[in-house]
Amino acid sequence: MESQLVVQSMHWADLCWELSNKSIIELNEILPKIGQSYKIQLSQEEDYVGFGSVLILWKPPHSEQNMWDDLRPSEILRSYVLKGDICNVSTDKMTFDFHLNEKIRLVDFFSRQVKVLSSPLPYMGPIHRLKWEDAHDFCHYHFDNYYYISGVECESFLEVILSVENDKWCLHYSADLPNCSFYRTFITRYYLDEHEQKIFEELLSKSTAIEDSSLNELVKTQVHGLL
């Protein structure tokens with residue numbers, strides 16, 4: 001088994017702009033509907049298979065526009081994986097028709113993954129150096145049994161979601177989001193090797209904790225809007 005590629009640069013808020021600008025929104029008002037088809041317009045080039053089934057990461061409006069690390073990392077708990085079939089893919093793979101077959105909360109999707117042996121973390125070229133080793137501006141958010149960590153490497157924005165099991169670090173989500181190249185986002189169940197684990201233990205210790213109490217104002221069926 002391999003880690004699963006996920007597309008994440010679709011701006012879903014554009015399809016329901018007025019709703020997305022409300023202070024508090026019911027999730028079922030803005031989440032894509034199973035059985036419906038959507039015209040997908042990616043805002044960035046992404047690495048994905050241009051036929052058959054595809055996974056799309058859906059985030060609440062604020063995180064979609066600003067990323068999870070901007071004040072509301074708790075919206076990870078309100079993010080979803082959309083699974084569906086695609087057709088009419090453009091030559092540049094930036095647009096396609098997407099028929100939604102299933103949606104599942106991101107953190108619930110983690111439990112569906114089987115263990116993989118190959119690291120989906122971003123490594124650079126023949127030197128095989130982990131991008132995170134040259135990153136800076138680290139932030140983290142601890143929720144449930146997970147750690148969300150973000151950083152910046154050159155012109156790439158980096159993200160991971162990890163958990164700790166009996167002193168072993170398990171990677172569930174990895175995103176390498178460069179400004180001028182292909183996005184690569186994976187959902188996985190990969191246990192870090194000794195070198196990788198040491199790197200993340202060190203950068204977590206020097207990262208800035210993000211304080212987020214935004215979910216305290218909501219019930220489980222709600223999210224904040226862009227405002």
# chains A, B, ... in the order shown; residues from 1 in each chain; ligands from 1
>>> select_by_dssp(residues="chain A", states="strand (DSSP E or B)", output="ChimeraX atom specification")
/A:4-5,7,10,24-26,37-42,46,52-58,80-87,95-105,116,123-124,129-130,136-143,146-153,156-165,168-178,183-191,208-209,222-224
>>> residues_around(residues="region 134-146 of chain A", least_positions_apart="2", cutoff="12 Å", atoms="only C-alpha atoms", output="PyMOL selection string")
chain A and resi 68-77+107+110+122-124+129-132+148-166+169-173+176+199-213+215
>>> residues_around(residues="Ile25 (chain A)", least_positions_apart="6", cutoff="12 Å", atoms="only C-alpha atoms", output="PyMOL selection string")
chain A and resi 13+16-19+31+60-62+78+217-227
>>> closest_residue(among="A:Ser118, A:Gln65, A:Ser53, A:Ser181", to="His11 (chain A)", atoms="only C-alpha atoms")
A:Gln65
